[in-house]
file coords-v6.tsv (TSV, C-alpha atoms and all ligand atoms)
chain	number	residue	atom	x	y	z
U	1	MET	CA	97.14	60.17	76.31
U	2	LYS	CA	95.51	63.38	75.02
U	3	SER	CA	96.88	66.90	75.45
U	4	ILE	CA	95.68	70.40	74.73
U	5	VAL	CA	97.29	73.84	74.89
U	6	VAL	CA	94.90	76.70	75.69
U	7	TYR	CA	96.15	80.26	75.45
U	8	PHE	CA	95.19	83.88	76.01
U	9	SER	CA	97.12	86.18	73.69
U	10	GLN	CA	96.54	89.67	72.36
U	11	THR	CA	99.68	90.58	70.46
U	12	GLY	CA	100.77	87.09	69.44
U	13	ASN	CA	103.73	86.27	71.71
U	14	THR	CA	101.91	83.77	73.90
U	15	ARG	CA	100.21	82.30	70.84
U	16	LYS	CA	103.61	81.64	69.23
U	17	VAL	CA	104.84	79.91	72.38
U	18	ALA	CA	101.59	77.91	72.55
U	19	GLN	CA	102.06	76.74	68.96
U	20	ALA	CA	105.65	75.70	69.69
U	21	LEU	CA	104.50	73.77	72.75
U	22	GLN	CA	101.83	72.05	70.68
U	23	GLU	CA	104.42	71.01	68.08
U	24	GLY	CA	106.77	69.67	70.77
U	25	ILE	CA	104.01	67.70	72.47
U	26	LYS	CA	102.80	66.29	69.16
U	27	LYS	CA	106.29	65.09	68.33
U	28	ALA	CA	106.66	63.45	71.72
U	29	THR	CA	103.23	61.88	72.11
U	30	GLY	CA	101.58	61.87	68.68
U	31	ASN	CA	98.82	64.37	69.44
U	32	CYS	CA	98.05	67.77	70.91
U	33	ASP	CA	95.15	70.15	70.31
U	34	ILE	CA	95.37	73.91	70.63
U	35	ALA	CA	92.68	76.54	71.31
U	36	PRO	CA	92.38	80.20	72.20
U	37	MET	CA	90.87	80.64	75.66
U	38	LYS	CA	88.17	83.08	74.58
U	39	GLY	CA	85.05	81.09	73.84
U	40	PHE	CA	86.57	77.79	75.00
U	41	ASN	CA	84.19	75.70	77.10
U	42	PRO	CA	86.11	74.54	80.22
U	43	ASN	CA	84.00	71.36	80.37
U	44	GLU	CA	85.82	70.23	77.22
U	45	LEU	CA	89.02	69.97	79.25
U	46	ARG	CA	87.74	66.71	80.73
U	47	ALA	CA	88.53	65.01	77.43
U	48	TYR	CA	92.27	65.64	77.98
U	49	ASP	CA	94.91	64.18	80.29
U	50	VAL	CA	97.42	67.05	80.09
U	51	ILE	CA	96.33	70.68	79.82
U	52	GLY	CA	98.70	73.57	79.11
U	53	LEU	CA	97.41	77.05	79.90
U	54	GLY	CA	99.31	80.19	78.93
U	55	CYS	CA	98.91	83.95	79.09
U	56	PRO	CA	100.81	87.22	79.03
U	57	VAL	CA	101.81	88.89	82.29
U	58	TYR	CA	99.59	91.89	83.00
U	59	ASP	CA	100.45	94.11	85.94
U	60	TRP	CA	102.89	91.53	87.36
U	61	ASP	CA	100.08	89.01	87.36
U	62	ALA	CA	97.88	86.83	85.16
U	63	PRO	CA	95.08	88.61	83.27
U	64	LYS	CA	91.79	88.39	85.20
U	65	PRO	CA	89.95	86.27	82.58
U	66	VAL	CA	92.68	83.61	82.84
U	67	LYS	CA	92.28	83.40	86.59
U	68	ALA	CA	88.50	83.27	86.18
U	69	PHE	CA	88.95	80.44	83.65
U	70	ILE	CA	90.83	78.33	86.19
U	71	ASP	CA	88.16	79.06	88.78
U	72	THR	CA	85.66	77.26	86.52
U	73	TRP	CA	87.70	74.02	86.43
U	74	ARG	CA	85.68	71.12	87.82
U	75	GLY	CA	86.19	67.37	87.70
U	76	LEU	CA	89.85	67.60	86.66
U	77	GLU	CA	91.36	66.12	89.83
U	78	ASP	CA	92.78	63.16	87.90
U	79	LYS	CA	94.27	65.39	85.19
U	80	GLN	CA	97.52	67.34	84.91
U	81	ALA	CA	98.35	70.88	83.92
U	82	PHE	CA	101.30	73.08	83.12
U	83	PHE	CA	101.35	76.86	82.95
U	84	PHE	CA	103.32	79.13	80.66
U	85	ALA	CA	103.57	82.86	80.12
U	86	SER	CA	105.13	85.56	77.99
U	87	HIS	CA	106.11	88.93	79.39
U	88	GLY	CA	108.18	92.04	78.93
U	89	PRO	CA	110.86	92.88	81.48
U	90	TYR	CA	108.91	91.77	84.59
U	91	ARG	CA	107.48	88.28	85.13
U	92	GLY	CA	106.09	89.09	88.55
U	93	GLY	CA	104.06	86.55	90.47
U	94	VAL	CA	102.07	85.13	87.58
U	95	PHE	CA	102.67	81.45	88.35
U	96	THR	CA	102.11	81.57	92.06
U	97	ASP	CA	98.84	83.26	91.34
U	98	LEU	CA	97.76	80.64	88.81
U	99	ALA	CA	98.92	77.80	91.00
U	100	GLN	CA	97.00	79.08	94.00
U	101	ARG	CA	93.85	78.77	91.94
U	102	ALA	CA	94.80	75.38	90.49
U	103	VAL	CA	95.70	73.76	93.79
U	104	ASN	CA	93.24	70.93	94.66
U	105	ARG	CA	91.71	71.18	91.16
U	106	ILE	CA	94.45	69.52	89.11
U	107	THR	CA	98.07	68.30	89.39
U	108	VAL	CA	100.47	71.02	88.22
U	109	LEU	CA	103.49	69.52	86.43
U	110	GLY	CA	105.47	72.68	85.75
U	111	TYR	CA	105.58	76.31	84.76
U	112	ARG	CA	107.81	78.34	82.51
U	113	SER	CA	107.88	81.78	80.96
U	114	TRP	CA	109.47	83.49	77.97
U	115	TYR	CA	110.37	87.08	77.27
U	116	GLY	CA	108.12	88.72	74.70
U	117	GLU	CA	108.02	91.92	72.73
U	118	VAL	CA	105.99	94.68	74.41
U	119	ARG	CA	103.51	96.50	72.20
U	120	MET	CA	102.00	98.80	74.82
U	121	GLN	CA	101.25	102.24	73.45
U	122	HIS	CA	103.54	104.14	75.81
U	123	VAL	CA	106.73	102.05	75.69
U	124	PRO	CA	109.66	103.43	73.70
U	125	LYS	CA	110.90	101.58	70.64
U	126	PRO	CA	113.18	99.76	70.24
U	127	TYR	CA	112.49	98.16	73.62
U	128	PHE	CA	114.53	95.66	75.61
U	129	THR	CA	112.54	92.53	74.82
U	130	ASP	CA	111.98	93.24	71.10
U	131	GLY	CA	112.41	90.14	68.94
U	132	HIS	CA	111.33	87.69	71.66
U	133	PRO	CA	110.11	85.03	71.44
U	134	ASP	CA	112.63	84.17	68.70
U	135	GLU	CA	113.52	80.84	67.07
U	136	GLN	CA	115.67	79.83	70.04
U	137	ASP	CA	112.87	80.62	72.51
U	138	LEU	CA	110.40	78.63	70.43
U	139	ALA	CA	112.74	75.66	70.10
U	140	GLU	CA	113.12	75.67	73.89
U	141	ALA	CA	109.35	75.87	74.23
U	142	GLY	CA	108.94	72.85	71.96
U	143	GLN	CA	111.39	70.82	74.02
U	144	TRP	CA	109.80	71.90	77.28
U	145	GLY	CA	106.34	70.98	75.98
U	146	ALA	CA	107.64	67.52	75.13
U	147	ASP	CA	109.11	67.21	78.64
U	148	MET	CA	105.81	68.22	80.22
U	149	ALA	CA	103.85	65.72	78.14
U	150	GLN	CA	106.27	62.90	78.95
U	151	LEU	CA	106.05	63.74	82.64
U	152	GLY	CA	102.28	63.70	82.23
U	153	GLN	CA	102.45	60.26	80.63
U	154	LYS	CA	104.39	58.91	83.59
U	155	VAL	CA	101.81	60.22	86.03
U	156	ALA	CA	98.88	59.00	83.92
U	157	SER	CA	100.35	55.47	83.74
U	158	GLY	CA	101.07	55.39	87.48
U	159	GLN	CA	104.86	55.22	86.92
U	160	LEU	CA	105.24	58.43	88.93
U	161	PRO	CA	103.03	59.29	91.91
U	162	ARG	CA	100.94	62.43	91.48
U	163	SER	CA	102.30	63.84	94.72
U	164	GLU	CA	105.87	63.71	93.35
U	165	ALA	CA	105.05	65.44	90.08
U	166	ASP	CA	102.89	68.18	91.57
U	167	VAL	CA	104.75	71.49	91.85
U	168	CYS	CA	101.74	73.35	93.16
U	169	PRO	CA	102.57	73.41	96.87
U	170	GLU	CA	106.07	74.70	96.11
U	171	LEU	CA	104.63	77.46	93.96
U	172	VAL	CA	102.05	78.50	96.48
U	173	TRP	CA	104.64	78.86	99.18
U	174	GLY	CA	106.95	80.50	96.64
U	175	LYS	CA	104.57	83.44	96.48
U	176	ARG	CA	106.18	84.82	99.59
U	177	ARG	CA	109.56	84.77	97.88
U	178	VAL	CA	108.48	86.47	94.68
U	179	ASN	CA	109.34	90.13	94.77
U	180	PRO	CA	106.42	91.85	93.10
U	181	GLY	CA	108.38	95.08	92.91
U	182	TYR	CA	105.24	97.12	93.53
U	183	GLN	CA	106.74	99.10	96.37
U	184	LYS	CA	109.63	100.22	94.20
U	185	VAL	CA	107.48	101.93	91.62
U	186	PRO	CA	106.89	105.63	92.18
U	187	GLY	CA	103.19	106.28	91.88
U	188	GLY	CA	102.33	102.59	92.26
U	189	ALA	CA	102.30	99.74	89.81
U	190	ASP	CA	98.89	100.65	88.41
U	191	ARG	CA	100.38	103.89	87.19
U	192	VAL	CA	102.97	102.03	85.22
U	193	PHE	CA	101.45	98.88	83.84
U	194	GLY	CA	97.72	99.04	84.21
U	195	LEU	CA	97.17	101.96	81.83
U	196	HIS	CA	94.52	102.78	84.44
U	197	ASP	CA	95.36	106.49	84.26
U	198	VAL	CA	94.63	106.62	80.55
U	199	PRO	CA	90.91	106.59	79.78
U	200	LEU	CA	90.02	105.65	76.23
U	201	THR	CA	87.80	107.95	74.19
U	202	TYR	CA	85.20	106.94	71.60
U	203	ASP	CA	84.31	108.99	68.53
U	204	ARG	CA	81.04	107.88	67.02
U	205	GLN	CA	81.69	109.80	63.80
U	206	LYS	CA	84.80	107.74	63.09
U	207	CYS	CA	83.18	104.41	64.03
U	208	THR	CA	81.81	102.22	61.24
U	209	TYR	CA	79.79	99.83	63.44
U	210	PRO	CA	77.92	97.58	62.62
U	211	LYS	CA	80.01	97.06	59.47
U	212	CYS	CA	83.04	96.81	61.75
U	213	HIS	CA	82.88	94.99	65.08
U	214	ILE	CA	86.55	94.19	65.61
U	215	CYS	CA	86.74	95.77	69.06
U	216	ILE	CA	83.63	93.89	70.24
U	217	ASP	CA	84.87	90.55	68.92
U	218	ASN	CA	88.31	90.94	70.50
U	219	CYS	CA	87.65	92.53	73.87
U	220	PRO	CA	88.73	89.80	76.30
U	221	VAL	CA	85.92	90.57	78.76
U	222	ASP	CA	83.13	91.57	76.35
U	223	CYS	CA	82.72	94.99	77.91
U	224	ILE	CA	82.13	96.97	74.71
U	225	ASN	CA	78.54	97.62	73.64
U	226	LEU	CA	77.92	99.83	70.64
U	227	GLU	CA	74.17	99.08	70.52
U	228	THR	CA	73.31	101.24	73.51
U	229	GLU	CA	72.90	105.00	73.66
U	230	PRO	CA	75.41	106.24	74.65
U	231	GLN	CA	77.74	103.53	73.37
U	232	VAL	CA	79.88	101.78	75.95
U	233	ILE	CA	83.58	101.09	75.71
U	234	GLN	CA	85.53	100.07	78.80
U	235	GLY	CA	82.36	98.84	80.50
U	236	LYS	CA	82.18	96.71	83.63
U	237	GLY	CA	85.19	94.44	84.10
U	238	CYS	CA	87.42	96.33	81.63
U	239	LEU	CA	91.05	95.24	82.03
U	240	ASP	CA	92.45	98.57	80.79
U	241	CYS	CA	94.51	96.49	78.39
U	242	GLY	CA	94.23	99.10	75.63
U	243	PHE	CA	93.83	96.38	73.00
U	244	CYS	CA	90.66	97.83	71.45
U	245	GLU	CA	92.54	101.09	70.89
U	246	LYS	CA	95.36	99.28	69.09
U	247	ILE	CA	93.10	97.29	66.75
U	248	CYS	CA	90.40	99.86	65.92
U	249	PRO	CA	90.92	100.41	62.18
U	250	THR	CA	89.61	103.99	62.11
U	251	GLY	CA	90.94	105.57	65.31
U	252	ALA	CA	87.39	105.84	66.72
U	253	ILE	CA	88.88	104.48	69.94
U	254	ASP	CA	91.71	106.72	71.00
U	255	ALA	CA	93.61	108.05	74.02
U	256	ASP	CA	96.14	110.66	75.04
U	257	TRP	CA	99.23	108.51	75.61
U	258	ALA	CA	101.69	111.40	75.89
U	259	PRO	CA	101.69	111.82	79.72
U	260	LEU	CA	102.20	108.10	80.37
U	261	ALA	CA	104.89	107.88	77.66
U	262	GLN	CA	106.66	110.84	79.27
U	263	PHE	CA	106.50	109.19	82.69
U	264	TRP	CA	107.82	105.97	81.21
U	265	ARG	CA	110.77	107.72	79.61
U	266	GLY	CA	111.96	108.56	83.12
U	267	PHE	CA	111.10	105.12	84.46
U	268	VAL	CA	113.18	103.19	81.93
U	269	PRO	CA	116.66	104.17	83.18
U	270	THR	CA	115.73	104.10	86.87
U	271	ASN	CA	113.90	100.80	86.87
U	272	VAL	CA	113.38	98.77	83.69
U	273	ARG	CA	117.00	98.87	82.60
U	274	LEU	CA	118.17	97.82	86.07
U	275	SER	CA	115.82	94.89	86.02
U	276	ILE	CA	116.94	93.78	82.55
U	277	ASP	CA	120.62	94.21	83.49
U	278	ASN	CA	120.03	92.08	86.54
U	279	ALA	CA	118.36	89.37	84.47
U	280	THR	CA	121.27	89.54	81.98
U	281	ARG	CA	123.83	89.05	84.76
U	282	ARG	CA	121.93	86.01	85.99
U	283	GLY	CA	121.82	84.56	82.48
U	284	HIS	CA	118.01	84.81	82.32
U	285	PHE	CA	117.84	87.35	79.52
U	286	ARG	CA	119.26	87.25	76.00
U	287	TRP	CA	119.52	90.60	74.17
U	288	LEU	CA	118.28	90.71	70.60
U	289	ILE	CA	118.70	94.47	70.22
U	290	PRO	CA	122.20	95.95	70.73
U	291	GLN	CA	122.79	96.15	74.48
U	292	SER	CA	124.00	99.74	74.07
U	293	THR	CA	120.64	100.93	72.61
U	294	PRO	CA	119.53	104.16	74.37
U	295	VAL	CA	116.04	102.71	74.88
U	296	GLU	CA	114.67	105.67	76.83
U	297	ASP	CA	115.32	107.99	73.87
U	298	GLY	CA	113.25	106.04	71.34
U	299	PRO	CA	109.81	107.15	70.12
U	300	PRO	CA	106.87	105.54	71.93
U	301	PHE	CA	104.98	102.72	70.23
U	302	TYR	CA	101.89	104.91	69.72
U	303	VAL	CA	103.92	107.48	67.77
U	304	LEU	CA	105.67	104.86	65.70
U	305	HIS	CA	102.36	103.15	64.94
U	306	SER	CA	100.21	106.22	64.49
U	307	ARG	CA	98.53	104.78	61.40
U	308	ARG	CA	95.42	102.85	62.28
U	309	PRO	CA	95.03	100.14	63.13
U	310	ARG	CA	98.19	100.19	65.22
U	311	ILE	CA	98.09	96.39	65.14
U	312	LYS	CA	96.28	94.25	62.58
U	313	ILE	CA	94.52	91.27	64.08
U	314	GLY	CA	96.18	88.07	62.92
U	315	GLN	CA	99.34	89.81	61.72
U	316	VAL	CA	101.35	89.73	64.93
F	401	LIG	C1	97.87	95.69	80.14
F	401	LIG	C2	99.26	95.15	80.02
F	401	LIG	C3	100.01	94.95	81.17
F	401	LIG	C4	101.30	94.43	81.07
F	401	LIG	N1	102.02	94.22	82.22
F	401	LIG	C5	103.25	93.67	82.13
F	401	LIG	C6	104.01	93.38	83.32
F	401	LIG	O1	103.58	93.56	84.45
F	401	LIG	N2	105.25	92.87	83.16
F	401	LIG	C7	105.79	92.63	81.92
F	401	LIG	O2	106.93	92.19	81.84
F	401	LIG	N3	105.08	92.84	80.79
F	401	LIG	C8	103.83	93.36	80.88
F	401	LIG	N4	103.11	93.56	79.73
F	401	LIG	C9	103.68	93.11	78.43
F	401	LIG	C10	103.14	91.74	78.02
F	401	LIG	O3	103.18	90.84	79.11
F	401	LIG	C11	104.01	91.13	76.92
F	401	LIG	O4	104.13	92.00	75.84
F	401	LIG	C12	103.39	89.79	76.48
F	401	LIG	O5	104.37	89.03	75.80
F	401	LIG	C13	102.20	89.98	75.56
F	401	LIG	O6	101.70	88.73	75.22
F	401	LIG	P1	100.76	88.50	73.92
F	401	LIG	O7	101.58	88.96	72.74
F	401	LIG	O8	100.52	87.05	73.90
F	401	LIG	O9	99.52	89.28	74.10
F	401	LIG	C14	101.84	94.08	79.80
F	401	LIG	C15	101.07	94.29	78.64
F	401	LIG	C16	99.79	94.82	78.75
F	401	LIG	C17	98.98	95.01	77.50
F	402	LIG	S1	90.70	98.19	77.22
F	402	LIG	FE1	89.29	97.77	75.53
F	402	LIG	S2	89.78	95.65	74.88
F	402	LIG	FE2	90.72	95.96	76.90
F	402	LIG	S3	89.18	95.14	78.30
F	402	LIG	FE3	88.83	97.36	78.15
F	402	LIG	S4	87.31	97.62	76.55
F	402	LIG	FE4	88.11	95.53	76.38
F	403	LIG	S1	86.91	98.75	66.10
F	403	LIG	FE1	86.63	100.98	65.92
F	403	LIG	S2	85.48	101.26	64.03
F	403	LIG	FE2	85.31	99.10	64.58
F	403	LIG	S3	83.41	98.98	65.78
F	403	LIG	FE3	85.07	99.27	67.24
F	403	LIG	S4	85.17	101.49	67.55
F	403	LIG	FE4	83.98	101.15	65.69
call {"tool": "encode", "arguments": {"input": "coords-v6.tsv", "output": "structure tokens"}}
result
Amino acid sequence: MKSIVVYFSQTGNTRKVAQALQEGIKKATGNCDIAPMKGFNPNELRAYDVIGLGCPVYDWDAPKPVKAFIDTWRGLEDKQAFFFASHGPYRGGVFTDLAQRAVNRITVLGYRSWYGEVRMQHVPKPYFTDGHPDEQDLAEAGQWGADMAQLGQKVASGQLPRSEADVCPELVWGKRRVNPGYQKVPGGADRVFGLHDVPLTYDRQKCTYPKCHICIDNCPVDCINLETEPQVIQGKGCLDCGFCEKICPTGAIDADWAPLAQFWRGFVPTNVRLSIDNATRRGHFRWLIPQSTPVEDGPPFYVLHSRRPRIKIGQV
């Protein structure tokens, strides 16, 4: 039996979980490949029996390219998948969304998510989920990966009927039960998570293209074009993920984060903290920063990481 873990990850949390899953599956079954989703040819999935696909939660949902990736799946009806995610305080409906796309394409064996550090420009630091995924999270991921692969083996060998292993129908119906929380957010969820109110700016004088092309290489939807006049950043299909701004080594891509950071400062005690406290009470969340930290008073990520690049590719 052959397995592969495919992941979408910008700031490294999902990648770490993916690597832990790969290790766990390898230990259990002797093999497991791993690949970033960007540039991965979905036709290659046919060579595998069990496929793990993981992503961060963006706007209470899966990032658009991940959903589009599943939409390309063909000829995988006799294969099995599992989904995983990393997220800050809100998991949202990411799995129901992925499962709705996967239904009738593949058998879905399971789904699981982990808390992850948030490196969005406007969030205060330290932040609730800092330090995740930690060693304990990754050990759990390894074990869960092994469980998924073993379940996959049973289905592949006919020991377990596909219909019994498939969690897809449950997930699809579960959508109705997932509270997306959108209605609770003053100003709408876009205001809070999508960064849609914060247009990025581009300063040609600071840009060293074509010597540098980091933003082009790492934009998840290839919507940056610095060959045209005027140059295009945030072109068609832009996710407003703000990643190009974080990784630009010269600050040529920039934004005014102050208004959103100010808004967020008020949002933390009225919403995020309540959600994290709730998860703590239910035993879903493990604090790695002192629980008494006055999170809302901390400096925003963009202030703390004012030196460019804010994040170095490959170092998170
Ligand atoms: C554009 C954007 C939207 C996000 N939306 C959410 C969200 O709705 N809920 C949440 O808990 N975290 C949200 N996050 C935080 C990420 O899900 C979290 O940091 C994740 O672990 C990042 O994964 P990565 O390190 O693999 O890129 C968002 C981050 C970005 C950049
Ligand atoms: S914000 Fe930047 S990196 Fe993100 S999709 Fe838009 S152009 Fe690409
Ligand atoms: S990352 Fe910054 S410096 Fe590099 S090409 Fe993009 S805008 Fe220019």
call {"tool": "residues_near_ligand", "arguments": {"input": "coords-v6.tsv", "ligand": "ligand LIG 402 (chain F)", "cutoff": "6 Å", "atoms": "only C-alpha atoms and all ligand atoms", "output": "ChimeraX atom specification"}}
result
/U:219-221,223-224,233-234,238-244
call {"tool": "residues_around", "arguments": {"input": "coords-v6.tsv", "residues": "stretch 149-152 of chain U", "least_positions_apart": "4", "cutoff": "7 Å", "atoms": "all atoms listed in the file", "output": "list in words"}}
result
Ile25, Val50, Gln80, Gly145 and Ala156 of chain U
call {"tool": "closest_residue", "arguments": {"input": "coords-v6.tsv", "among": "U:Gly24, U:Pro259, U:Pro309, U:Pro269", "to": "U:Val295", "atoms": "only C-alpha atoms"}}
result
U:Pro269
call {"tool": "closest_residue", "arguments": {"input": "coords-v6.tsv", "among": "U:Phe82, U:Phe69, U:Tyr48, U:Phe128", "to": "ligand LIG 401 (chain F)", "atoms": "all atoms listed in the file"}}
result
U:Phe128
call {"tool": "closest_residue", "arguments": {"input": "coords-v6.tsv", "among": "U:Asp297, U:Asp277, U:Glu44, U:Asp137", "to": "U:Leu21", "atoms": "only C-alpha atoms"}}
result
U:Asp137
call {"tool": "atom_distance", "arguments": {"input": "coords-v6.tsv", "atom1": "atom CA of U:Gly52", "atom2": "atom CA of U:Lys79"}}
result
11.1 Å
call {"tool": "closest_residue", "arguments": {"input": "coords-v6.tsv", "among": "U:Gly142, U:Pro36, U:Gly251, U:Gly237", "to": "ligand LIG 403 (chain F)", "atoms": "only C-alpha atoms and all ligand atoms"}}
result
U:Gly251
call {"tool": "axis_aligned_box", "arguments": {"input": "coords-v6.tsv", "around": "stretch 27-37 of chain U", "padding_each_side": "6 Å", "output": "JSON"}}
result
{"center_x": 98.8, "center_y": 71.3, "center_z": 72.0, "size_x": 27.8, "size_y": 30.8, "size_z": 19.3}
call {"tool": "residues_near_ligand", "arguments": {"input": "coords-v6.tsv", "ligand": "ligand LIG 403 (chain F)", "cutoff": "10 Å", "atoms": "all atoms listed in the file", "output": "PyMOL selection string"}}
result
chain U and resi 201-219+224-226+231-233+244-254+308-309
call {"tool": "write_last_selection", "arguments": {"input": "coords-v6.tsv", "atoms": "C-alpha atoms", "output": "short mmCIF file (atom, residue, chain, number, x, y, z; two decimals), keeping the file's coordinate frame"}}
result
data_model
loop_
_atom_site.label_atom_id
_atom_site.label_comp_id
_atom_site.auth_asym_id
_atom_site.auth_seq_id
_atom_site.Cartn_x
_atom_site.Cartn_y
_atom_site.Cartn_z
CA THR U 201 87.80 107.95 74.19
CA TYR U 202 85.20 106.94 71.60
CA ASP U 203 84.31 108.99 68.53
CA ARG U 204 81.04 107.88 67.02
CA GLN U 205 81.69 109.80 63.80
CA LYS U 206 84.80 107.74 63.09
CA CYS U 207 83.18 104.41 64.03
CA THR U 208 81.81 102.22 61.24
CA TYR U 209 79.79 99.83 63.44
CA PRO U 210 77.92 97.58 62.62
CA LYS U 211 80.01 97.06 59.47
CA CYS U 212 83.04 96.81 61.75
CA HIS U 213 82.88 94.99 65.08
CA ILE U 214 86.55 94.19 65.61
CA CYS U 215 86.74 95.77 69.06
CA ILE U 216 83.63 93.89 70.24
CA ASP U 217 84.87 90.55 68.92
CA ASN U 218 88.31 90.94 70.50
CA CYS U 219 87.65 92.53 73.87
CA ILE U 224 82.13 96.97 74.71
CA ASN U 225 78.54 97.62 73.64
CA LEU U 226 77.92 99.83 70.64
CA GLN U 231 77.74 103.53 73.37
CA VAL U 232 79.88 101.78 75.95
CA ILE U 233 83.58 101.09 75.71
CA CYS U 244 90.66 97.83 71.45
CA GLU U 245 92.54 101.09 70.89
CA LYS U 246 95.36 99.28 69.09
CA ILE U 247 93.10 97.29 66.75
CA CYS U 248 90.40 99.86 65.92
CA PRO U 249 90.92 100.41 62.18
CA THR U 250 89.61 103.99 62.11
CA GLY U 251 90.94 105.57 65.31
CA ALA U 252 87.39 105.84 66.72
CA ILE U 253 88.88 104.48 69.94
CA ASP U 254 91.71 106.72 71.00
CA ARG U 308 95.42 102.85 62.28
CA PRO U 309 95.03 100.14 63.13
#
call {"tool": "residues_around", "arguments": {"input": "coords-v6.tsv", "residues": "U:Val155", "least_positions_apart": "6", "cutoff": "10 Å", "atoms": "only C-alpha atoms", "output": "ChimeraX atom specification"}}
result
/U:49,78-80,107,109,149,161-166
call {"tool": "atom_distance", "arguments": {"input": "coords-v6.tsv", "atom1": "atom CA of U:Lys154", "atom2": "atom CA of U:Ser86"}}
result
27.2 Å
call {"tool": "atom_distance", "arguments": {"input": "coords-v6.tsv", "atom1": "atom CA of U:Phe84", "atom2": "atom CA of U:Tyr111"}}
result
5.5 Å
call {"tool": "closest_atom_pairs", "arguments": {"input": "coords-v6.tsv", "of": "chain U", "to": "ligand LIG 401 (chain F)", "cutoff": "7 Å", "atoms": "all atoms listed in the file", "output": "tab-separated table"}}
result
residue	atom	partner	partner_atom	distance
U:Phe8	CA	F:LIG401	O8	6.6
U:Ser9	CA	F:LIG401	O8	3.5
U:Gln10	CA	F:LIG401	O9	3.5
U:Thr11	CA	F:LIG401	O7	3.4
U:Gly12	CA	F:LIG401	O7	3.9
U:Asn13	CA	F:LIG401	O7	3.6
U:Thr14	CA	F:LIG401	O8	3.6
U:Arg15	CA	F:LIG401	O8	5.7
U:Cys55	CA	F:LIG401	O8	6.3
U:Pro56	CA	F:LIG401	O6	4.2
U:Val57	CA	F:LIG401	O3	4.0
U:Tyr58	CA	F:LIG401	N1	3.5
U:Asp59	CA	F:LIG401	O1	3.5
U:Trp60	CA	F:LIG401	O1	3.6
U:Asp61	CA	F:LIG401	O1	6.4
U:Ser86	CA	F:LIG401	O5	4.2
U:His87	CA	F:LIG401	O3	3.5
U:Gly88	CA	F:LIG401	O2	3.2
U:Pro89	CA	F:LIG401	O2	4.0
U:Tyr90	CA	F:LIG401	O2	3.4
U:Arg91	CA	F:LIG401	O2	5.1
U:Gly92	CA	F:LIG401	O1	6.6
U:Tyr115	CA	F:LIG401	O5	6.5
U:Gly116	CA	F:LIG401	O5	3.9
U:Glu117	CA	F:LIG401	O4	5.0
U:Val118	CA	F:LIG401	O4	3.6
U:Arg119	CA	F:LIG401	O4	5.8
U:Met120	CA	F:LIG401	C17	5.5
U:Phe193	CA	F:LIG401	C3	5.0
U:Gly194	CA	F:LIG401	C1	5.3
U:Leu195	CA	F:LIG401	C1	6.5
U:Asp240	CA	F:LIG401	C1	6.2
U:Cys241	CA	F:LIG401	C1	3.9
U:Gly242	CA	F:LIG401	C17	6.5
U:Phe243	CA	F:LIG401	C17	7.0
call {"tool": "write_last_selection", "arguments": {"input": "coords-v6.tsv", "atoms": "C-alpha atoms", "output": "CSV table (one decimal), in the frame of the given file"}}
result
chain,number,residue,atom,x,y,z
U,8,PHE,CA,95.2,83.9,76.0
U,9,SER,CA,97.1,86.2,73.7
U,10,GLN,CA,96.5,89.7,72.4
U,11,THR,CA,99.7,90.6,70.5
U,12,GLY,CA,100.8,87.1,69.4
U,13,ASN,CA,103.7,86.3,71.7
U,14,THR,CA,101.9,83.8,73.9
U,15,ARG,CA,100.2,82.3,70.8
U,55,CYS,CA,98.9,84.0,79.1
U,56,PRO,CA,100.8,87.2,79.0
U,57,VAL,CA,101.8,88.9,82.3
U,58,TYR,CA,99.6,91.9,83.0
U,59,ASP,CA,100.4,94.1,85.9
U,60,TRP,CA,102.9,91.5,87.4
U,61,ASP,CA,100.1,89.0,87.4
U,86,SER,CA,105.1,85.6,78.0
U,87,HIS,CA,106.1,88.9,79.4
U,88,GLY,CA,108.2,92.0,78.9
U,89,PRO,CA,110.9,92.9,81.5
U,90,TYR,CA,108.9,91.8,84.6
U,91,ARG,CA,107.5,88.3,85.1
U,92,GLY,CA,106.1,89.1,88.6
U,115,TYR,CA,110.4,87.1,77.3
U,116,GLY,CA,108.1,88.7,74.7
U,117,GLU,CA,108.0,91.9,72.7
U,118,VAL,CA,106.0,94.7,74.4
U,119,ARG,CA,103.5,96.5,72.2
U,120,MET,CA,102.0,98.8,74.8
U,193,PHE,CA,101.4,98.9,83.8
U,194,GLY,CA,97.7,99.0,84.2
U,195,LEU,CA,97.2,102.0,81.8
U,240,ASP,CA,92.4,98.6,80.8
U,241,CYS,CA,94.5,96.5,78.4
U,242,GLY,CA,94.2,99.1,75.6
U,243,PHE,CA,93.8,96.4,73.0
call {"tool": "decode", "arguments": {"input": "coords-v6.tsv", "residues": "stretch 157-161 of chain U", "atoms": "N, CA and C atoms", "output": "mmCIF file, in the first residue's frame"}}
result
data_model
loop_
_atom_site.group_PDB
_atom_site.id
_atom_site.type_symbol
_atom_site.label_atom_id
_atom_site.label_comp_id
_atom_site.auth_asym_id
_atom_site.auth_seq_id
_atom_site.Cartn_x
_atom_site.Cartn_y
_atom_site.Cartn_z
ATOM 1 N N SER U 157 -7.575 -3.896 1.534
ATOM 2 C CA SER U 157 -7.528 -5.364 1.468
ATOM 3 C C SER U 157 -8.924 -5.984 1.534
ATOM 4 N N GLY U 158 -9.947 -5.166 1.634
ATOM 5 C CA GLY U 158 -11.321 -5.674 1.661
ATOM 6 C C GLY U 158 -11.765 -6.153 3.032
ATOM 7 N N GLN U 159 -10.885 -5.992 4.058
ATOM 8 C CA GLN U 159 -11.240 -6.403 5.425
ATOM 9 C C GLN U 159 -12.377 -5.542 5.981
ATOM 10 N N LEU U 160 -12.430 -4.302 5.532
ATOM 11 C CA LEU U 160 -13.444 -3.359 6.001
ATOM 12 C C LEU U 160 -14.145 -2.760 4.782
ATOM 13 N N PRO U 161 -15.484 -2.829 4.733
ATOM 14 C CA PRO U 161 -16.159 -2.259 3.558
ATOM 15 C C PRO U 161 -15.963 -0.743 3.493
#
